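Undergrad: This structure is in structure tokens; I'll ask about it shortly.
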Amino acid sequence: MKEKEKKKVNKKLEDLKKKKIYKGVLLKNKVYVFDKTEAEEVYDIGCFGKIKDDKNELSLEESLLLMKRNRLKVFKDDKEMNEEEFYKYACSVDDEFPWKYTVYEDLRNRGLLVRTGFKFGTHFRVYARGVKLKRGPKTLKEHTKWIVHAVPENYICSFPELSRAVRLAHNIRAKMLWAVVDEEGDVTYYEIIRKTP
């Protein structure tokens with residue numbers, strides 16, 4: 001390894017050591033960062049969570065990803081949870097968590113901004129790289145690019161369900177993706193579009 005490359009690697013390791021680890025508290029199906037300053041810092045890492053009443057409300061998917069990246073410690077009843085305990089808990093409160101988390105992690109690892117799709121009746125809203133979320137009028141680039149629904153590979157879908165999802169995506173000028181998670185945890189994305197004769 002060249003001297004220049006060694007310095008680069010050492011700098012990255014130093015930066016990793018300096019990264020702050022935040023404290024979150026698990027309450028039902030959300031994790032909260034109660035300290036106002038830390039709540040904003042967690043959000044600023046990459047639009048994680050939702051700032052509400054000076055605290056940050058994180059989804060289970062966001063929380064596990066931050067735990068895996070060593071940026072968040074989660075406590076339940078004043079006891080720190082490890083990743084495995086947290087995963088088991090998340091699965092116990094959300095039957096769809098295994099494939100939702102797999103898809104969420106895959107999208108985030110691709111550098112995409114991922115938010116909940118709850119208000120659209122789907123799992124996630126996904127924005128293009130580099131988009132910063134803001135309220136009010138948006139440019140075309142700042143709108144949701146995809147809505148994503150995560151399903152296991154043995155999922156059976158009716159045509160009306162498929163049609164509703166595609167129409168919704170079309171109405172908000174987004175593309176509809178079905179993220180299919182196989183038994184090995186690999187994700188395949190299928191874009192469903194509406195064709196009219």
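Note on naming: chains are A, B, ... as they come in the structure tokens, residues start from 1 per chain, ligands start from 1 in the order shown.
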In segment 42-148 of chain A, what's helix (DSSP H, G or I) per DSSP? Answer as a VMD selection string?
TA: chain A and resid 42 to 46 60 to 68 83 to 93 97 to 109 118 to 120 140 to 142
Undergrad: Can you pull out every residue within 12 Å of Lys52 of chain A, counting only C-alpha atoms, but drop anything in the same chain fewer than 4 positions away, and send it as a VMD selection string?
TA: chain A and resid 32 to 36 39 to 40 43 56 to 58
Undergrad: Write out the residues from the selection above, keeping N, CA and C atoms, as an mmCIF file, in the first residue's frame.
TA:
```cif
data_model
loop_
_atom_site.group_PDB
_atom_site.id
_atom_site.type_symbol
_atom_site.label_atom_id
_atom_site.label_comp_id
_atom_site.auth_asym_id
_atom_site.auth_seq_id
_atom_site.Cartn_x
_atom_site.Cartn_y
_atom_site.Cartn_z
ATOM 1 N N TYR A 32 -36.936 7.252 20.250
ATOM 2 C CA TYR A 32 -36.886 8.708 20.417
ATOM 3 C C TYR A 32 -35.523 9.156 20.921
ATOM 4 N N VAL A 33 -35.017 10.218 20.311
ATOM 5 C CA VAL A 33 -33.839 10.910 20.819
ATOM 6 C C VAL A 33 -34.400 12.171 21.463
ATOM 7 N N PHE A 34 -34.324 12.233 22.801
ATOM 8 C CA PHE A 34 -34.999 13.303 23.532
ATOM 9 C C PHE A 34 -34.197 14.592 23.649
ATOM 10 N N ASP A 35 -32.884 14.504 23.650
ATOM 11 C CA ASP A 35 -32.069 15.715 23.746
ATOM 12 C C ASP A 35 -32.227 16.532 22.461
ATOM 13 N N LYS A 36 -32.621 17.804 22.594
ATOM 14 C CA LYS A 36 -32.938 18.641 21.429
ATOM 15 C C LYS A 36 -31.768 18.744 20.456
ATOM 16 N N ALA A 39 -31.120 15.399 18.866
ATOM 17 C CA ALA A 39 -32.218 15.075 17.948
ATOM 18 C C ALA A 39 -31.946 15.683 16.579
ATOM 19 N N GLU A 40 -31.510 16.930 16.570
ATOM 20 C CA GLU A 40 -31.206 17.610 15.308
ATOM 21 C C GLU A 40 -29.958 17.027 14.647
ATOM 22 N N TYR A 43 -30.875 13.816 12.915
ATOM 23 C CA TYR A 43 -31.579 14.131 11.669
ATOM 24 C C TYR A 43 -30.584 14.544 10.586
ATOM 25 N N ASN A 56 -36.477 13.731 18.315
ATOM 26 C CA ASN A 56 -36.433 13.052 17.023
ATOM 27 C C ASN A 56 -37.101 11.694 17.168
ATOM 28 N N GLU A 57 -38.087 11.450 16.319
ATOM 29 C CA GLU A 57 -38.829 10.191 16.319
ATOM 30 C C GLU A 57 -38.308 9.345 15.160
ATOM 31 N N LEU A 58 -37.662 8.236 15.485
ATOM 32 C CA LEU A 58 -37.071 7.353 14.479
ATOM 33 C C LEU A 58 -37.924 6.108 14.286
#
```
Undergrad: To one decimal in Å, tell me the separation between atom CA of Val42 of chain A and atom CA of His149 of chain A.
TA: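 Value for the atom CA of Val42 of chain A-atom CA of His149 of chain A distance: 25.4 Å.
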Undergrad: From the list A:Arg69, A:His123, A:Arg110, A:Lys79, which residue is nearest Ala179 of chain A when using only C-alpha atoms?
TA: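 Closest candidate: A:His123.
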Undergrad: Set the distance at 10 Å and use only C-alpha atoms: which residues neighbour Ala128 of chain A once local chain neighbours fewer than 5 positions away are removed? I'd like the list as a ChimeraX atom specification.
TA: /A:111-114,141-146
Undergrad: Could you tell me, as JSON, numbers by chain, which residues of chain A DSSP assigns to strand (DSSP E) when given the backbone?
TA: {"A": [22, 23, 24, 25, 26, 27, 30, 31, 32, 33, 50, 51, 52, 55, 56, 57, 58, 72, 73, 74, 75, 76, 79, 80, 81, 113, 114, 115, 116, 124, 125, 126, 127, 146, 147, 148, 149, 150, 151, 152, 175, 176, 177, 178, 179, 180, 181, 187, 188, 189, 190, 191, 192]}
Undergrad: From the set A:Asn109, A:Ile192, A:Arg129, A:Lys20, which residue has the shortest atom-to-atom contact distance to Asn70 of chain A, counting only C-alpha atoms?
TA: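 Closest candidate: A:Lys20.
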